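Here the structure comes first, spelled out in C-alpha cells, and everything after it is commentary.
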Amino acid sequence: MEAGKETTRGRVLVVEDDPALRNVIRFNLQAAGFEVLAGRDGAQGWELAQREAVDMVVTDMQMPSMTGLELCQKLRGDVRFAQLPVLMLTAKGLELDHERLRAELGVVEVMFKPFSPKQLARAVAQHLGAAAGQRA
Amino acid sequence: MLHTAQQVDVSRRALSYFLMFGLLAVAWFVAGLPTISKAIIADQAESDCLTRLGKAATRVLSCSIDTPDELEQLVAKLAAEGSLAYCAMVSPEGRYLAHSQANLVGQPAPEPSGAVAQWGDVRRIRYLDEDAQILREYSTSLRRGDKTYGMLRMAVRDPTILAGIMATAEHATMWVVGPIAVIVAGGYVLRRSLRPMGKVELQLCALAAKPSDVPLELQPTEGASAVGAGWNRLVAQLAQRSPQPSLESRLGHVLEGFRQRKSDQILNTLPDGIAVTDADGRITFANQALAALLAAGDELTGKTMADCLELDPAGHPDHPLLDPELHLRDVVAEIGRSGDSSQGVWRIARCPLRGGDAAKGQGHVWLVRDVTQQKLADQMRNQFVYSATHELRTPLSNIKAYAETLALSDVMSVDQQKEFCNIINTEATRLARLIDDLLSISRMQSGSMTLERRVTETERLLRETIENVRPQMTQKEITLDAHLPDKLPELVVDKDKISVALVNLLGNAAKYTPHGGRVILSVEVRNGQILVHVEDTGIGISVEDLPKLFDKFYRSSDPRVQEITGSGLGLSLTHEIVRLHGGKLTVQSELDKGSKFTMTLPLK
C-alpha cells in the first residue's frame, strides 16, 4: 500500500476480492492522480477505513467474509463516515435495487461489470470534487 | 271386438256350449230310440210269427183238418199263445174253415191288400185294417202229398211307437241318465280347467276397454294351474315395475349414476387436488389427491376451502382468493403453506360455476396443485443463471479493464504491458474453462457426455491438479498436504474430465476452508480400486444439505456458502464424471469441522 504521487487529488479505498481486477483499478486510479488503498474483502476494507483517512470508497458487491453491502452499512453506522461517498461495483444485473442503495446506503454510483476503468476514474474524480465542494 | 264388462267368461261359455251340444246329442239319441225299439220289436215279432207259422202248420196237419171242432180249438189256442191279432184256416175255396174269431167261420175270406213279401211258401202282407191298425198277415198253404188243405193265416199287429217308447223306458237309466251324467262330469272338468283362463280373459277384456294411459290394475288368480301361475308371475312383475317412472327416466337415472361414479373415479385418479364448492362455499366434492394434500383423512365435505387452506383475512390481507370483487372470476393464486415457502407452495386455480344466484354464483371448482418442487427447480435454475452470469462477468470484467488500460495508457513500461497481456490471457483461459464447465453441464443434462479413455499416469495427473489449485490455496494461506504412495498404478480414464473432477474437489476444499486451514490429499490402492481422499478443515456440510449435495444447481443456504461465488454445478459435474468412469464419490462431513470427499475409481 505505497503512497501514490506526491500531489494527490484524494485518497481512494478500493475493496475488491479478485486480485487482477483490484490491481487494474489501482493502476488506473493512480494514473488518474489518486492515492489508492486496497483491501481484498469487506473486513479488510473496514479495517483500512478506520485506520487510514479516506476520501472515497470503491467497493465490489459480492465478496467473501464481508460483502460490499455490509461494508456500506458499517460505514453509514459510524458518524465519521456518514458523508463518505461510496461507489459500488457489481456483477449483478437488473435485480439490484439502485434506489434503495442510493437512499438507504448513500451509494453515489453503481457500476456494472464489465466496466471501463477510465469511466471509473472519471466518476471518482467527479464525486471527490463534489464531496470536496460540500466540505468547503 | 270389445265386449262389455259383464261378459260371461270363456269357461262358462265353453261349458254352456258343451252342455248344449252334449244334451242335444243325447236328446237326438233318445228321440231315435223308440223307433229303433219299435223296429226291433217288429223284427222279433216277425221271426216269432214265422216260427209259429211253421210249427202251427205242422200241428194243423198232424191233427185232423177235417174235424172242424178240433181245428177251431187249435186256431183259438194258437191265437192265444202267440198274442196274435187273429189266426185262421182258409179253405182252398176261400172260406174260413176256422177263425180265432168264431163268428167269421164259414164266411168268405177276403185277400187283404197291402205290401207283399214272399219267402218260399210263406207270404207276408202288411195292411191297414178297418180299425186303422197296421197288421201283418203271414200265410202259408197247407199240403200233405198232392192234397192242398187250404191256407193258414196268422196276423200280428205292427208294434206302435208307444210300444217303442215303452220298451225304451224300461232302459231309460241306461240310455239317458248315463250319458247325461257323463256330460255333466265332463262339464265340471271343463269348467274347472278353464276357470283361470276365464279370469284372465275377463281382466284382459276389462283392460282393453280402458284408455291406454290408465295404470294397470291386475288381480292374481287362485288355483294351481300353469296358466294361473304364469299370469300371477306376470302380474307380480308388472306390479314391481309399475310404480317406477317411465323407462327413459329410469334409464337416465341409471346412466346418471354411472356417469357420476365414473367421473368421481376419474377425478380421484388425478394427481391435482380438486374440489367443488356450492354457493355457500361448502365443499360438495373433494378428490383423494386433495385429501392427501391437506393431510385430511377425515371428511372434507361441508367445510369451506378457506378453512382447509388456512386462508384468513388477517393472515393473508389482499389475497385474491378472498377478494369479493373476484368472486365470479377465474382466479389463480399461490399460497405458501405455513407461511414458509420451504414448506411448500400451492398453486390454486378457482373457477366459478355459471348460473344460479347472480351475486353468489353456483359455487366454484377448485384445483390445488403442489408446486413446491417446481418452485425449487425454478429457484435452482434462477440461481444457476445468476451464478453463471456472475462467474462469466468476473473474468470478462478483468479482460475489458486490462485491455482498455493497455490501449489508453501511455505511461507504461514494457514489462507492465507484458504483465497486463499475461493477465488478459489468464482471464481468457478462465473464461474458456468456465464455458467448458457450462457445456459439460449442458451435455450432462442432456445425457450425451462421453468419455475418451486413455492410459494416464496417475501421479502426474495428481501433481498437475495440485499445481492447478495451489495458487488458490496460497492466496488463503491454506496448507496442502499431499500423501502419494511411491508407486501408483496407471489409470485408463478420460484425463481431462478426471482432472476437472479433482480440481473441483480440491478447489471446493480451498473455497470452503477458512484462511489458514489445511487440506490433505491422500491416495490408497486396494481391492483393484484407487481411492483419492480430499480432506479439509472447512465449514463442513450440514446433515440437511448432504442428500442434495450432488444435485445440479444445489447450493447450501448457509450464509458462509452463499458468500462464496459458485454455480452449484461443480460437485454435480464431479459426481457425474466419476459415475461415468464406473466409480463412486462419497462424502463424510461434520459441520464446522470439515469434510472428506473420497473418489473411488476401478483400476481396470
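To be explicit about the labels: the chains of the C-alpha cells are called A, B, and onward in the order shown, and within each one the residues are counted from 1, while ligands get numbers from 1 in the order they are shown.
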Non-local contacts of Trp119 in chain B (12 Å; only C-alpha atoms; under 2 positions in same chain excluded) as JSON, numbers by chain: {"B": [50, 116, 117, 121, 122, 123, 124, 125, 138, 139, 140]}
With N, CA and C atoms retained, write the just-selected residues as a short mmCIF file (atom, residue, chain, number, x, y, z; two decimals), in the first residue's frame.
```cif
data_model
loop_
_atom_site.label_atom_id
_atom_site.label_comp_id
_atom_site.auth_asym_id
_atom_site.auth_seq_id
_atom_site.Cartn_x
_atom_site.Cartn_y
_atom_site.Cartn_z
N LEU B 50 -143.10 -116.22 -37.87
CA LEU B 50 -142.72 -117.21 -38.88
C LEU B 50 -142.50 -118.57 -38.24
N VAL B 116 -146.64 -106.78 -50.06
CA VAL B 116 -146.49 -108.24 -50.02
C VAL B 116 -145.01 -108.58 -50.02
N ALA B 117 -144.66 -109.56 -49.13
CA ALA B 117 -143.30 -110.10 -49.16
C ALA B 117 -143.45 -111.61 -49.19
N ASP B 121 -142.95 -120.64 -49.48
CA ASP B 121 -144.39 -120.81 -49.33
C ASP B 121 -145.02 -119.73 -48.48
N VAL B 122 -144.11 -119.03 -47.71
CA VAL B 122 -144.63 -118.07 -46.75
C VAL B 122 -144.76 -116.70 -47.42
N ARG B 123 -145.93 -116.09 -47.16
CA ARG B 123 -146.18 -114.76 -47.72
C ARG B 123 -146.60 -113.85 -46.60
N ARG B 124 -146.09 -112.59 -46.73
CA ARG B 124 -146.50 -111.62 -45.71
C ARG B 124 -147.17 -110.48 -46.42
N ILE B 125 -148.26 -110.07 -45.87
CA ILE B 125 -148.95 -108.89 -46.39
C ILE B 125 -149.10 -107.93 -45.22
N TYR B 138 -149.24 -113.28 -42.06
CA TYR B 138 -148.35 -114.29 -42.61
C TYR B 138 -149.22 -115.47 -43.01
N SER B 139 -149.02 -115.98 -44.20
CA SER B 139 -149.86 -117.12 -44.62
C SER B 139 -149.01 -118.17 -45.32
N THR B 140 -149.36 -119.36 -45.20
CA THR B 140 -148.70 -120.45 -45.90
C THR B 140 -149.76 -121.50 -46.27
#
```
Per residue of chain A within 8 Å of chain B, which atom pair is closest and at what distance in Å (one decimal), using only C-alpha atoms, listed by chain and increasing number, as a Markdown table?
```
| residue | atom | partner | partner_atom | distance |
| --- | --- | --- | --- | --- |
| A:Ala20 | CA | B:Asn398 | CA | 6.7 |
| A:Leu21 | CA | B:Asn398 | CA | 5.4 |
| A:Val24 | CA | B:Tyr402 | CA | 6.4 |
| A:Ile25 | CA | B:Ala401 | CA | 7.9 |
| A:Asn28 | CA | B:Thr405 | CA | 7.1 |
| A:Gln62 | CA | B:Glu563 | CA | 7.1 |
| A:Met63 | CA | B:Glu563 | CA | 6.5 |
| A:Pro64 | CA | B:Glu563 | CA | 5.2 |
| A:Ser65 | CA | B:Glu563 | CA | 7.0 |
| A:Thr67 | CA | B:Glu563 | CA | 7.6 |
| A:Ala91 | CA | B:His390 | CA | 5.5 |
| A:Lys92 | CA | B:His390 | CA | 6.7 |
| A:Lys113 | CA | B:Ser397 | CA | 5.5 |
| A:Pro114 | CA | B:Ser397 | CA | 3.8 |
| A:Phe115 | CA | B:Ser397 | CA | 6.4 |
| A:Ser116 | CA | B:Ala401 | CA | 6.0 |
| A:Pro117 | CA | B:Ala401 | CA | 5.7 |
| A:Lys118 | CA | B:Thr405 | CA | 7.7 |
```
Write out as an MDAnalysis selection string each polymer residue whose atoms come within 8 Å of Ala509 in chain B, counting only C-alpha atoms; drop sequence neighbours fewer than 3 positions from it. chainID B and resid 505:506 512:513 519 534:536 538
Export, as a PDB file, in the first residue's frame, the selected residues with N, CA and C atoms.
```pdb
ATOM      1  N   LEU B 505     -12.850 -30.917  -6.576  1.00  0.00           N
ATOM      2  CA  LEU B 505     -12.784 -31.353  -5.177  1.00  0.00           C
ATOM      3  C   LEU B 505     -11.781 -30.506  -4.402  1.00  0.00           C
ATOM      4  N   LEU B 506     -10.570 -30.338  -4.975  1.00  0.00           N
ATOM      5  CA  LEU B 506      -9.543 -29.552  -4.277  1.00  0.00           C
ATOM      6  C   LEU B 506      -9.944 -28.077  -4.235  1.00  0.00           C
ATOM      7  N   TYR B 512     -14.057 -23.542   0.584  1.00  0.00           N
ATOM      8  CA  TYR B 512     -14.881 -23.609   1.793  1.00  0.00           C
ATOM      9  C   TYR B 512     -14.055 -23.882   3.059  1.00  0.00           C
ATOM     10  N   THR B 513     -12.728 -23.685   2.943  1.00  0.00           N
ATOM     11  CA  THR B 513     -11.895 -23.772   4.141  1.00  0.00           C
ATOM     12  C   THR B 513     -11.412 -22.359   4.462  1.00  0.00           C
ATOM     13  N   VAL B 519      -5.626 -28.658   3.937  1.00  0.00           N
ATOM     14  CA  VAL B 519      -6.250 -29.604   3.016  1.00  0.00           C
ATOM     15  C   VAL B 519      -5.296 -30.774   2.820  1.00  0.00           C
ATOM     16  N   VAL B 534      -9.927 -36.321  -0.364  1.00  0.00           N
ATOM     17  CA  VAL B 534      -9.639 -34.889  -0.214  1.00  0.00           C
ATOM     18  C   VAL B 534     -10.306 -34.448   1.081  1.00  0.00           C
ATOM     19  N   GLU B 535      -9.462 -34.133   2.069  1.00  0.00           N
ATOM     20  CA  GLU B 535      -9.984 -33.810   3.390  1.00  0.00           C
ATOM     21  C   GLU B 535      -9.661 -32.354   3.706  1.00  0.00           C
ATOM     22  N   ASP B 536     -10.598 -31.643   4.292  1.00  0.00           N
ATOM     23  CA  ASP B 536     -10.301 -30.241   4.635  1.00  0.00           C
ATOM     24  C   ASP B 536     -10.743 -29.938   6.061  1.00  0.00           C
ATOM     25  N   GLY B 538     -12.625 -27.301   6.721  1.00  0.00           N
ATOM     26  CA  GLY B 538     -13.505 -26.191   6.332  1.00  0.00           C
ATOM     27  C   GLY B 538     -14.776 -26.096   7.157  1.00  0.00           C
TER      28      GLY B 538
END
```
From a DSSP pass on the backbone, collect the residues of range 65-155 of chain B flagged as strand (DSSP E) and hand them back as a PyMOL selection string. chain B and resi 86-90+96-99+115-119+122-128+134-144+147-155
Please provide as a list of chain:residue names all residues within 7 Å of Val12 in chain A, with the sequence filter that same-chain residues fewer than 2 positions apart are discarded (counting only C-alpha atoms). A:Gly10, A:Val14, A:Phe34, A:Glu35, A:Val36, A:Leu37, A:Val54, A:Asp55, A:Met56, A:Val57
Just to be explicit: take each residue in the selection above, keep C-alpha atoms, and write the result as a PDB file, in the first residue's frame.
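Dumped everything to again-v3.pdb:
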```
ATOM      1  CA  GLY A  10      -7.664  12.384  -2.915  1.00  0.00           C
ATOM      2  CA  VAL A  14     -10.577   0.089  -3.299  1.00  0.00           C
ATOM      3  CA  PHE A  34      -5.426   9.433  -6.762  1.00  0.00           C
ATOM      4  CA  GLU A  35      -3.811   7.826  -3.794  1.00  0.00           C
ATOM      5  CA  VAL A  36      -5.129   4.243  -3.548  1.00  0.00           C
ATOM      6  CA  LEU A  37      -5.591   1.954  -0.572  1.00  0.00           C
ATOM      7  CA  VAL A  54     -10.013   8.042   3.063  1.00  0.00           C
ATOM      8  CA  ASP A  55     -11.949  10.434   0.810  1.00  0.00           C
ATOM      9  CA  MET A  56     -13.928   7.876  -1.145  1.00  0.00           C
ATOM     10  CA  VAL A  57     -14.659   4.126  -1.251  1.00  0.00           C
TER      11      VAL A  57
END
```
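Take the candidates A:Glu99, A:Glu52, A:Asp18, A:Asp41 and check each one against Leu71 in chain A using only C-alpha atoms; the shortest distance goes to A:Asp41.
Shortest separation to Arg9 in chain A among A:Gly33, A:Gly106, A:Arg76, A:Arg40 occurs at residue A:Gly33, atoms counted being only C-alpha atoms.
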Identify, on the basis of only C-alpha atoms, every residue whose closest approach to Gln83 in chain A does not exceed 12 Å; exclude the query and any residue fewer than 4 positions from it along the same chain; express the result as a VMD selection string. chain A and resid 54 to 57 72 75 to 79 105 to 108 127 to 128 130 to 132 134 to 135
Generate a file of the selected residues that holds C-alpha atoms, formatted as a CSV table (one decimal), in the first residue's frame.
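What landed in part_15.csv:
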```
chain,number,residue,atom,x,y,z
A,54,VAL,CA,-10.0,8.0,3.1
A,55,ASP,CA,-11.9,10.4,0.8
A,56,MET,CA,-13.9,7.9,-1.1
A,57,VAL,CA,-14.7,4.1,-1.3
A,72,CYS,CA,-21.6,0.1,3.4
A,75,LEU,CA,-19.7,2.8,7.3
A,76,ARG,CA,-23.1,4.5,7.5
A,77,GLY,CA,-23.4,3.3,11.1
A,78,ASP,CA,-20.3,5.3,12.0
A,79,VAL,CA,-20.6,9.1,12.2
A,105,LEU,CA,-26.8,3.5,2.0
A,106,GLY,CA,-25.8,6.7,0.3
A,107,VAL,CA,-24.2,4.9,-2.7
A,108,VAL,CA,-23.4,7.7,-5.1
A,127,HIS,CA,-17.6,12.6,-6.8
A,128,LEU,CA,-14.5,13.6,-5.0
A,130,ALA,CA,-18.4,17.2,-5.3
A,131,ALA,CA,-17.5,16.0,-1.8
A,132,ALA,CA,-14.7,18.5,-1.6
A,134,GLN,CA,-19.6,20.1,0.1
A,135,ARG,CA,-16.8,20.1,2.7
```
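Between CA of Met151 in chain B and CA of Ile134 in chain B lies a distance of 21.2 Å.
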Report, in Å with one decimal, the straight-line distance from CA of Gly164 in chain B to CA of Ile40 in chain B. 8.7 Å
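Every protein, DNA or RNA residue with an atom at most 12 Å from Arg282 in chain B, where only C-alpha atoms count and chain neighbours fewer than 5 positions away do not, is listed here: Ala275, Val276, Thr277, Leu300, Thr301, Gly302, Lys303, Thr304, Met305, Ala306, Asp307, Cys308, Gln362, Gly363, His364, Val365 and Trp366 of chain B.
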Can I get the selection written as an mmCIF file, in the first residue's frame, with N, CA and C atoms?
```cif
data_model
loop_
_atom_site.group_PDB
_atom_site.id
_atom_site.type_symbol
_atom_site.label_atom_id
_atom_site.label_comp_id
_atom_site.auth_asym_id
_atom_site.auth_seq_id
_atom_site.Cartn_x
_atom_site.Cartn_y
_atom_site.Cartn_z
ATOM 1 N N ALA B 275 -61.678 -29.748 -5.897
ATOM 2 C CA ALA B 275 -62.826 -29.645 -5.005
ATOM 3 C C ALA B 275 -63.911 -28.854 -5.713
ATOM 4 N N VAL B 276 -65.150 -29.173 -5.346
ATOM 5 C CA VAL B 276 -66.288 -28.414 -5.864
ATOM 6 C C VAL B 276 -67.008 -27.850 -4.645
ATOM 7 N N THR B 277 -67.269 -26.547 -4.676
ATOM 8 C CA THR B 277 -67.983 -25.944 -3.559
ATOM 9 C C THR B 277 -69.322 -25.418 -4.047
ATOM 10 N N LEU B 300 -63.962 -34.032 4.065
ATOM 11 C CA LEU B 300 -63.795 -32.618 3.733
ATOM 12 C C LEU B 300 -65.137 -31.965 3.416
ATOM 13 N N THR B 301 -66.100 -32.800 3.037
ATOM 14 C CA THR B 301 -67.402 -32.281 2.618
ATOM 15 C C THR B 301 -68.023 -31.446 3.733
ATOM 16 N N GLY B 302 -68.497 -30.258 3.337
ATOM 17 C CA GLY B 302 -69.146 -29.397 4.318
ATOM 18 C C GLY B 302 -68.245 -28.295 4.845
ATOM 19 N N LYS B 303 -66.933 -28.496 4.729
ATOM 20 C CA LYS B 303 -66.027 -27.428 5.180
ATOM 21 C C LYS B 303 -65.883 -26.396 4.060
ATOM 22 N N THR B 304 -65.269 -25.249 4.390
ATOM 23 C CA THR B 304 -65.007 -24.280 3.338
ATOM 24 C C THR B 304 -63.561 -24.425 2.913
ATOM 25 N N MET B 305 -63.292 -24.026 1.668
ATOM 26 C CA MET B 305 -61.931 -24.140 1.161
ATOM 27 C C MET B 305 -60.999 -23.209 1.926
ATOM 28 N N ALA B 306 -61.509 -22.033 2.306
ATOM 29 C CA ALA B 306 -60.659 -21.096 3.037
ATOM 30 C C ALA B 306 -60.157 -21.732 4.340
ATOM 31 N N ASP B 307 -61.047 -22.478 5.011
ATOM 32 C CA ASP B 307 -60.626 -23.166 6.242
ATOM 33 C C ASP B 307 -59.597 -24.237 5.929
ATOM 34 N N CYS B 308 -59.878 -25.006 4.875
ATOM 35 C CA CYS B 308 -58.981 -26.100 4.516
ATOM 36 C C CYS B 308 -57.598 -25.579 4.151
ATOM 37 N N GLN B 362 -72.993 -20.176 -8.503
ATOM 38 C CA GLN B 362 -73.499 -21.511 -8.207
ATOM 39 C C GLN B 362 -72.460 -22.298 -7.430
ATOM 40 N N GLY B 363 -71.353 -21.679 -7.160
ATOM 41 C CA GLY B 363 -70.278 -22.387 -6.494
ATOM 42 C C GLY B 363 -69.020 -22.302 -7.338
ATOM 43 N N HIS B 364 -67.993 -23.042 -6.905
ATOM 44 C CA HIS B 364 -66.707 -22.956 -7.602
ATOM 45 C C HIS B 364 -66.107 -24.337 -7.783
ATOM 46 N N VAL B 365 -65.251 -24.425 -8.769
ATOM 47 C CA VAL B 365 -64.385 -25.596 -8.895
ATOM 48 C C VAL B 365 -62.987 -25.134 -8.518
ATOM 49 N N TRP B 366 -62.363 -25.888 -7.638
ATOM 50 C CA TRP B 366 -61.020 -25.523 -7.166
ATOM 51 C C TRP B 366 -60.027 -26.565 -7.631
#
```
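Counting only C-alpha atoms, the residue from A:Gln73, A:Arg22, A:Arg80, A:Leu29 that sits nearest to Gln50 in chain A is A:Arg80.
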State, in Å with one decimal place, the distance from CA of Pro271 in chain B to CA of Leu311 in chain B. 22.3 Å
For range 484-497 of chain B: contacts at 9 Å, only C-alpha atoms, fewer than 2 positions along chain excluded, given as a PyMOL selection string: chain B and resi 451-459+461-462+482+499-502+521-525+530+574+577-578+581+601-604
Could you give me the residues within range 197-409 of chain B that DSSP places in helix (DSSP H, G or I), as a PyMOL selection string? chain B and resi 197-209+226-241+247-269+288-293+305-308+320-322+324-326+337-339+341-343+372-408
Residues of the last selection are to be written out with C-alpha atoms, as a short mmCIF file (atom, residue, chain, number, x, y, z; two decimals), in the first residue's frame.
```
data_model
loop_
_atom_site.label_atom_id
_atom_site.label_comp_id
_atom_site.auth_asym_id
_atom_site.auth_seq_id
_atom_site.Cartn_x
_atom_site.Cartn_y
_atom_site.Cartn_z
CA MET B 197 -108.42 -68.66 -18.29
CA GLY B 198 -111.80 -67.10 -17.73
CA LYS B 199 -110.49 -64.79 -15.01
CA VAL B 200 -107.52 -63.82 -17.16
CA GLU B 201 -109.80 -63.18 -20.10
CA LEU B 202 -112.14 -61.02 -18.06
CA GLN B 203 -109.23 -58.86 -16.85
CA LEU B 204 -107.72 -58.59 -20.31
CA CYS B 205 -111.09 -57.58 -21.75
CA ALA B 206 -111.54 -55.01 -18.99
CA LEU B 207 -108.02 -53.78 -19.77
CA ALA B 208 -108.79 -53.50 -23.47
CA ALA B 209 -111.82 -51.39 -22.66
CA ALA B 226 -99.97 -73.44 -15.08
CA VAL B 227 -101.87 -70.60 -16.74
CA GLY B 228 -102.71 -69.14 -13.34
CA ALA B 229 -99.13 -69.40 -12.20
CA GLY B 230 -97.91 -67.70 -15.39
CA TRP B 231 -100.49 -64.97 -15.04
CA ASN B 232 -99.63 -64.40 -11.39
CA ARG B 233 -95.98 -64.04 -12.29
CA LEU B 234 -96.82 -61.54 -15.00
CA VAL B 235 -98.95 -59.55 -12.57
CA ALA B 236 -96.23 -59.63 -9.92
CA GLN B 237 -93.61 -58.36 -12.36
CA LEU B 238 -95.88 -55.64 -13.65
CA ALA B 239 -96.66 -54.64 -10.09
CA GLN B 240 -92.93 -54.37 -9.38
CA ARG B 241 -92.36 -52.13 -12.35
CA LEU B 247 -88.27 -46.32 -18.99
CA GLU B 248 -86.46 -43.24 -20.28
CA SER B 249 -86.25 -41.59 -16.91
CA ARG B 250 -85.19 -44.85 -15.26
CA LEU B 251 -82.52 -45.33 -17.90
CA GLY B 252 -81.43 -41.73 -17.45
CA HIS B 253 -81.24 -42.26 -13.71
CA VAL B 254 -79.07 -45.34 -14.10
CA LEU B 255 -76.80 -43.63 -16.62
CA GLU B 256 -76.55 -40.57 -14.40
CA GLY B 257 -75.37 -42.70 -11.52
CA PHE B 258 -72.93 -44.47 -13.78
CA ARG B 259 -71.58 -41.18 -15.08
CA GLN B 260 -71.32 -39.77 -11.57
CA ARG B 261 -69.36 -42.78 -10.34
CA LYS B 262 -67.19 -42.73 -13.46
CA SER B 263 -66.31 -39.06 -13.19
CA ASP B 264 -65.63 -39.45 -9.47
CA GLN B 265 -63.24 -42.25 -10.32
CA ILE B 266 -61.57 -40.15 -12.96
CA LEU B 267 -61.22 -37.17 -10.63
CA ASN B 268 -59.79 -39.43 -7.96
CA THR B 269 -57.02 -40.62 -10.26
CA GLN B 288 -58.47 -38.12 -2.96
CA ALA B 289 -55.49 -36.02 -4.08
CA LEU B 290 -56.91 -33.01 -2.24
CA ALA B 291 -57.48 -35.02 0.92
CA ALA B 292 -53.87 -36.20 0.66
CA LEU B 293 -52.57 -32.67 0.06
CA MET B 305 -61.93 -24.14 1.16
CA ALA B 306 -60.66 -21.10 3.04
CA ASP B 307 -60.63 -23.17 6.24
CA CYS B 308 -58.98 -26.10 4.52
CA PRO B 320 -57.07 -12.60 -4.46
CA LEU B 321 -58.96 -15.72 -3.31
CA LEU B 322 -60.55 -13.66 -0.51
CA PRO B 324 -65.14 -10.38 -3.13
CA GLU B 325 -64.57 -8.43 -6.35
CA LEU B 326 -63.04 -11.52 -7.90
CA ARG B 337 -48.06 -23.37 3.36
CA SER B 338 -47.36 -22.34 6.94
CA GLY B 339 -46.15 -19.04 5.54
CA SER B 341 -42.04 -21.38 1.01
CA SER B 342 -39.60 -24.05 2.06
CA GLN B 343 -42.55 -25.99 3.47
CA THR B 372 -43.12 -26.81 -4.30
CA GLN B 373 -40.81 -28.93 -6.44
CA GLN B 374 -41.41 -26.71 -9.43
CA LYS B 375 -40.63 -23.65 -7.34
CA LEU B 376 -37.44 -25.23 -6.03
CA ALA B 377 -36.39 -26.17 -9.55
CA ASP B 378 -37.14 -22.63 -10.69
CA GLN B 379 -35.12 -21.24 -7.80
CA MET B 380 -32.22 -23.52 -8.63
CA ARG B 381 -32.33 -22.57 -12.28
CA ASN B 382 -32.51 -18.88 -11.43
CA GLN B 383 -29.61 -19.31 -9.07
CA PHE B 384 -27.71 -21.14 -11.79
CA VAL B 385 -28.33 -18.41 -14.34
CA TYR B 386 -27.38 -15.79 -11.79
CA SER B 387 -24.26 -17.65 -10.72
CA ALA B 388 -23.27 -18.46 -14.26
CA THR B 389 -23.58 -14.86 -15.40
CA HIS B 390 -21.69 -13.68 -12.34
CA GLU B 391 -18.94 -16.17 -12.95
CA LEU B 392 -18.74 -15.17 -16.59
CA ARG B 393 -18.71 -11.46 -15.81
CA THR B 394 -15.73 -11.61 -13.45
CA PRO B 395 -13.10 -12.75 -16.00
CA LEU B 396 -14.81 -10.63 -18.64
CA SER B 397 -14.52 -7.51 -16.46
CA ASN B 398 -10.83 -8.20 -15.96
CA ILE B 399 -10.19 -8.67 -19.65
CA LYS B 400 -12.05 -5.49 -20.50
CA ALA B 401 -10.38 -3.48 -17.75
CA TYR B 402 -6.87 -4.62 -18.68
CA ALA B 403 -7.41 -4.29 -22.41
CA GLU B 404 -8.75 -0.76 -22.05
CA THR B 405 -5.98 0.22 -19.70
CA LEU B 406 -3.41 -1.15 -22.13
CA ALA B 407 -4.95 0.68 -25.04
CA LEU B 408 -5.40 4.05 -23.38
#
```
